[in-house]
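Chemist: What follows is a single structure, and I will ask about it in a moment.
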Amino acid sequence: MLSASSQPNFPAPFNPNNNNTTANNSGSNESKKRALSDEQIYQWLSELVTGNNRERALLELGKKREQYDDLALVLWNSYGVMAVLLEEIVSVYPFLNPPVLTASVSNRVCNALALLQCVASNSHTRTLFLSANLPLYLYPFLSTSARQRSFEYLRLTSLGVIGALVKNDTPDVINFLLTTEIVPLCLNIMEISSELSKTVAIFILQKILLDQQGLFYICTTYERFHTVASVLSKMIEQLNVPADRSNQQNQDSGSNFAVSHPSPLGSSGRLLKHVVRCYLRLSDNLEARKALANILPEPLRDGTFSTLLQDDPATKKCLTQLLQNISEA
Ligand code: TRP
């Protein structure tokens, strides 16, 4: 579903479970070629920088990004490439407010974002990417709230870049993100966006929480904790709606609600898995644990999700542990 080949115009959205874009996974690179010695790559890079056929170059390079381990290094070190990618990004800002982003402009910038994701994933370029503060260029995209498909896709692809950064459990990445406003941005996306974006946003939140500084950051004021807990609780509420009502809600929100399929059990399960783990992690903080004893949503306590969790013993175990933690509060 998330492969680049099934949607040739779209870069593959970030998939938290797919680990094949990083340079440091030694297992899967035996068949990978070297971008450094591929003539075609240089041709497209040159098209990209000289600007003659930039849109096509973005698309072609985006397609190649899964094939090479070293594409990130080539992108980062080739003259003008990062500047062009930033130019592509910044040129879209005027269409965000008022929200008038067309599908083709969105596709084009998403191809540029896919290349940034490549740079963010690679262990050799990740730190450089952070030192240059590049994630901040995505924040205007993440702060949008328009529901059109072009915006949904822009948010999803931008989240993919942040997702690629946090995937590898580097405290540096978390520390960087904590100095920015990424948490409220993710929380907002968890409230307003499509299921796919929600999943990537909560994946990022979970990674932040799992980090010691991250947990401390969120639990350091009651307001922060409370904002996080209430967004999680709203997600539980939405999972809790019976299938026919959630269907109706999607229809109510209009035809421009991207990815507006009714939630099949599978994707609800995927979100629930993250929600439970976020709550469990919050319960490691003693203050948060006390608060959760009062505000943890009822459906998590009364077995509402037992059928959904039947096939997911790991999440079931997390839920049991969470309930035990708060009972000791
Ligand atoms: N500036 C806000 C703060 O530091 C950012 C923020 C809003 C936030 N909502 C949050 C941070 C929820 C963590 C959790 O509090």
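By order of appearance in the structure tokens: chains A, B, ..., then residues from 1 within every chain, and ligands from 1 in the order shown.
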Each residue of chain A with at least one atom at most 6 Å from ligand 1 should appear once, together with its nearest atom pair and the corresponding distance in Å (one decimal); atoms considered: only C-alpha atoms and all ligand atoms; ordering: chain, then increasing residue number; output as a Markdown table.

Modeler:
```
| residue | atom | partner | partner_atom_place_in_ligand_line | distance |
| --- | --- | --- | --- | --- |
| A:Glu181 | CA | ligand 1 | 5 (C) | 5.8 |
| A:Val183 | CA | ligand 1 | 13 (C) | 5.5 |
| A:Pro184 | CA | ligand 1 | 9 (N) | 4.5 |
| A:Ile218 | CA | ligand 1 | 13 (C) | 5.0 |
| A:Arg224 | CA | ligand 1 | 14 (C) | 3.8 |
| A:Thr227 | CA | ligand 1 | 12 (C) | 5.2 |
| A:Val228 | CA | ligand 1 | 12 (C) | 5.7 |
```

Chemist: Which residues come within 9 Å of A:Leu215, counting only C-alpha atoms, excluding same-chain residues fewer than 6 positions away, as a list in words?

Modeler: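 These residues fall inside the cut-off: Ile208, Leu209, Arg281, Leu282, Asp284 and Asn285 of chain A.
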
Chemist: Pull the alpha helix (DSSP H) assignments for stretch 73-294 of chain A out of DSSP run on the backbone, and list those residues as a ChimeraX atom specification.

Modeler: /A:73-77,81-90,103-121,126-131,139-142,149-166,171-178,182-192,195-210,212-219,222-240,243-252,265-282,286-294

Chemist: Could you list, as a CSV table (one decimal) with N, CA, C and O atoms, in the first residue's frame, every residue within 10 Å of A:Ala103, counting only C-alpha atoms and ignoring same-chain residues fewer than 5 positions away?

Modeler:
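Everything below was put into around-v9.csv:
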```csv
chain,number,residue,atom,x,y,z
A,108,ARG,N,4.5,18.3,-6.5
A,108,ARG,CA,5.8,18.7,-6.8
A,108,ARG,C,6.6,18.9,-5.5
A,108,ARG,O,7.8,18.4,-5.3
A,148,GLN,N,-8.3,19.7,2.4
A,148,GLN,CA,-8.2,19.2,1.0
A,148,GLN,C,-7.1,18.2,0.9
A,148,GLN,O,-6.1,18.3,1.6
A,149,ARG,N,-7.3,17.3,-0.1
A,149,ARG,CA,-6.3,16.3,-0.3
A,149,ARG,C,-4.9,16.8,-0.5
A,149,ARG,O,-3.9,16.2,0.0
A,150,SER,N,-4.8,17.9,-1.2
A,150,SER,CA,-3.4,18.4,-1.4
A,150,SER,C,-2.7,18.8,-0.1
A,150,SER,O,-1.5,18.7,0.0
A,151,PHE,N,-3.5,19.3,0.9
A,151,PHE,CA,-3.0,19.6,2.2
A,151,PHE,C,-2.7,18.4,3.0
A,151,PHE,O,-1.7,18.3,3.7
A,153,TYR,N,-1.9,15.6,2.0
A,153,TYR,CA,-0.7,14.9,1.4
A,153,TYR,C,0.5,15.6,1.8
A,153,TYR,O,1.6,15.0,2.1
A,154,LEU,N,0.4,17.0,1.8
A,154,LEU,CA,1.6,17.8,2.2
A,154,LEU,C,1.9,17.5,3.7
A,154,LEU,O,3.1,17.4,4.1
```

Chemist: Counting only C-alpha atoms, which residues of stretch 139-207 of chain A fall within 12 Å of stretch 84-94 of chain A, and what is the closest atom pair for each with its distance in Å at one decimal, ordered by chain and rising number, as a tab-separated table?

Modeler:
```
residue	atom	partner	partner_atom	distance
A:Tyr139	CA	A:Tyr93	CA	10.5
A:Pro140	CA	A:Tyr93	CA	7.3
A:Phe141	CA	A:Tyr93	CA	8.0
A:Leu142	CA	A:Tyr93	CA	11.5
A:Ser143	CA	A:Tyr93	CA	11.3
A:Thr144	CA	A:Tyr93	CA	10.4
A:Ser150	CA	A:Val92	CA	11.9
A:Phe151	CA	A:Val92	CA	11.4
A:Leu154	CA	A:Val92	CA	10.5
A:Ser158	CA	A:Ile89	CA	10.6
```

Chemist: Near A:Lys33, counting only C-alpha atoms, which residues have an atom at most 8 Å away, once you skip same-chain residues fewer than 4 positions from it, shown as a list in words?

Modeler: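 Non-adjacent residues within range: Gln67, Tyr68 and Asp69 of chain A.
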
Chemist: Kindly save the residues from that selection, with N, CA, C and O atoms included, as an mmCIF file, in the first residue's frame.

Modeler:
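Once written, part_37.cif looks like this:
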```cif
data_model
loop_
_atom_site.group_PDB
_atom_site.id
_atom_site.type_symbol
_atom_site.label_atom_id
_atom_site.label_comp_id
_atom_site.auth_asym_id
_atom_site.auth_seq_id
_atom_site.Cartn_x
_atom_site.Cartn_y
_atom_site.Cartn_z
ATOM 1 N N GLN A 67 16.460 3.043 -4.006
ATOM 2 C CA GLN A 67 17.403 2.117 -4.640
ATOM 3 C C GLN A 67 18.834 2.242 -4.124
ATOM 4 O O GLN A 67 19.650 1.362 -4.333
ATOM 5 N N TYR A 68 19.123 3.364 -3.504
ATOM 6 C CA TYR A 68 20.509 3.624 -3.151
ATOM 7 C C TYR A 68 20.651 3.903 -1.667
ATOM 8 O O TYR A 68 19.808 4.562 -1.068
ATOM 9 N N ASP A 69 21.758 3.439 -1.120
ATOM 10 C CA ASP A 69 22.050 3.791 0.266
ATOM 11 C C ASP A 69 22.721 5.137 0.380
ATOM 12 O O ASP A 69 22.661 5.787 1.412
#
```

Chemist: Measuring between only C-alpha atoms, which one of A:Phe216, A:Trp44, A:Phe305, A:Phe203 shows the shortest distance to A:Ile162?

Modeler: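 Nearest candidate to A:Ile162 out of A:Phe216, A:Trp44, A:Phe305, A:Phe203: A:Phe203.
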
Chemist: One decimal, Å: what's the distance from atom CA of A:Ala120 over to atom CA of A:Val161, could you say?

Modeler: 6.4 Å

Chemist: Need to verify the contact set: A:Leu130, 10 Å, only C-alpha atoms, exclusion of same-chain residues closer than 5 positions in sequence. Can you return it as number ranges by chain?

Modeler: A: 120, 125, 135-136, 165, 172-173, 176-177

Chemist: Using N, CA, C and O atoms, can you export the residues from the last selection as a PDB file, in the first residue's frame?

Modeler:
```
ATOM      1  N   ALA A 120      17.221  12.997   5.755  1.00  0.00           N
ATOM      2  CA  ALA A 120      16.921  12.876   7.183  1.00  0.00           C
ATOM      3  C   ALA A 120      17.117  11.445   7.683  1.00  0.00           C
ATOM      4  O   ALA A 120      17.429  11.227   8.854  1.00  0.00           O
ATOM      5  N   THR A 125      23.981  11.911   7.183  1.00  0.00           N
ATOM      6  CA  THR A 125      23.550  13.281   6.895  1.00  0.00           C
ATOM      7  C   THR A 125      22.571  13.825   7.944  1.00  0.00           C
ATOM      8  O   THR A 125      22.290  15.017   7.970  1.00  0.00           O
ATOM      9  N   PRO A 135      14.514  20.958   9.636  1.00  0.00           N
ATOM     10  CA  PRO A 135      13.123  20.582   9.954  1.00  0.00           C
ATOM     11  C   PRO A 135      12.188  21.790  10.070  1.00  0.00           C
ATOM     12  O   PRO A 135      11.001  21.695   9.768  1.00  0.00           O
ATOM     13  N   LEU A 136      12.750  22.939  10.461  1.00  0.00           N
ATOM     14  CA  LEU A 136      11.899  24.116  10.662  1.00  0.00           C
ATOM     15  C   LEU A 136      11.190  24.556   9.385  1.00  0.00           C
ATOM     16  O   LEU A 136      10.104  25.136   9.441  1.00  0.00           O
ATOM     17  N   LEU A 165      13.421  11.066  10.943  1.00  0.00           N
ATOM     18  CA  LEU A 165      14.412  11.557  11.912  1.00  0.00           C
ATOM     19  C   LEU A 165      14.323  10.817  13.243  1.00  0.00           C
ATOM     20  O   LEU A 165      15.334  10.431  13.809  1.00  0.00           O
ATOM     21  N   ASP A 172      19.868  13.095  20.138  1.00  0.00           N
ATOM     22  CA  ASP A 172      20.116  14.381  19.471  1.00  0.00           C
ATOM     23  C   ASP A 172      18.885  14.893  18.743  1.00  0.00           C
ATOM     24  O   ASP A 172      18.583  16.085  18.757  1.00  0.00           O
ATOM     25  N   VAL A 173      18.224  13.947  18.059  1.00  0.00           N
ATOM     26  CA  VAL A 173      17.041  14.315  17.289  1.00  0.00           C
ATOM     27  C   VAL A 173      15.942  14.791  18.233  1.00  0.00           C
ATOM     28  O   VAL A 173      15.330  15.848  18.023  1.00  0.00           O
ATOM     29  N   PHE A 176      16.705  18.144  19.682  1.00  0.00           N
ATOM     30  CA  PHE A 176      16.437  19.196  18.702  1.00  0.00           C
ATOM     31  C   PHE A 176      14.940  19.491  18.648  1.00  0.00           C
ATOM     32  O   PHE A 176      14.512  20.648  18.743  1.00  0.00           O
ATOM     33  N   LEU A 177      14.156  18.444  18.499  1.00  0.00           N
ATOM     34  CA  LEU A 177      12.711  18.639  18.322  1.00  0.00           C
ATOM     35  C   LEU A 177      12.077  19.318  19.541  1.00  0.00           C
ATOM     36  O   LEU A 177      11.138  20.096  19.410  1.00  0.00           O
TER      37      LEU A 177
END
```

Chemist: Which of these residues is nearest to A:Val166, using only C-alpha atoms: A:Ser123, A:Thr315, A:Asn53, A:Ser145?

Modeler: A:Ser123

Chemist: Need to verify the contact set: A:Ser37, 12 Å, only C-alpha atoms, exclusion of same-chain residues closer than 4 positions in sequence. Can you return it as a short mmCIF file (atom, residue, chain, number, x, y, z; two decimals) with N, CA and C atoms, in the first residue's frame?

Modeler:
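In the end it all went to selection_9.cif:
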```
data_model
loop_
_atom_site.label_atom_id
_atom_site.label_comp_id
_atom_site.auth_asym_id
_atom_site.auth_seq_id
_atom_site.Cartn_x
_atom_site.Cartn_y
_atom_site.Cartn_z
N LYS A 32 21.78 -3.18 -3.38
CA LYS A 32 21.71 -1.75 -3.67
C LYS A 32 22.90 -1.27 -4.48
N LYS A 33 22.59 -0.39 -5.44
CA LYS A 33 23.65 0.17 -6.25
C LYS A 33 24.15 1.45 -5.59
N ILE A 41 21.82 9.58 -12.30
CA ILE A 41 21.59 10.42 -11.13
C ILE A 41 22.18 11.81 -11.36
N TYR A 42 23.37 11.84 -11.93
CA TYR A 42 24.02 13.13 -12.13
C TYR A 42 23.31 13.98 -13.18
N GLN A 43 22.76 13.25 -14.14
CA GLN A 43 22.00 13.98 -15.16
C GLN A 43 20.79 14.66 -14.51
N TYR A 68 19.12 3.36 -3.50
CA TYR A 68 20.51 3.62 -3.15
C TYR A 68 20.65 3.90 -1.67
N ASP A 70 23.40 5.54 -0.69
CA ASP A 70 24.24 6.72 -0.58
C ASP A 70 23.65 7.94 -1.29
N LEU A 71 22.37 7.84 -1.71
CA LEU A 71 21.78 8.99 -2.41
C LEU A 71 21.79 10.23 -1.51
N VAL A 74 25.02 12.00 -1.75
CA VAL A 74 25.16 12.67 -3.04
C VAL A 74 24.32 13.95 -3.05
#
```

Chemist: A:Gly163: which residues within 10 Å, counting only C-alpha atoms, same-chain residues fewer than 5 positions away excluded, as a PyMOL selection string?

Modeler: chain A and resi 14-16+117+120-121+156-158+168+200-205+207

Chemist: Can you measure atom CA of A:Thr320 to atom CA of A:Leu196 for me? One decimal in Å is fine.

Modeler: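 Here the two named atoms are 26.5 Å from each other.
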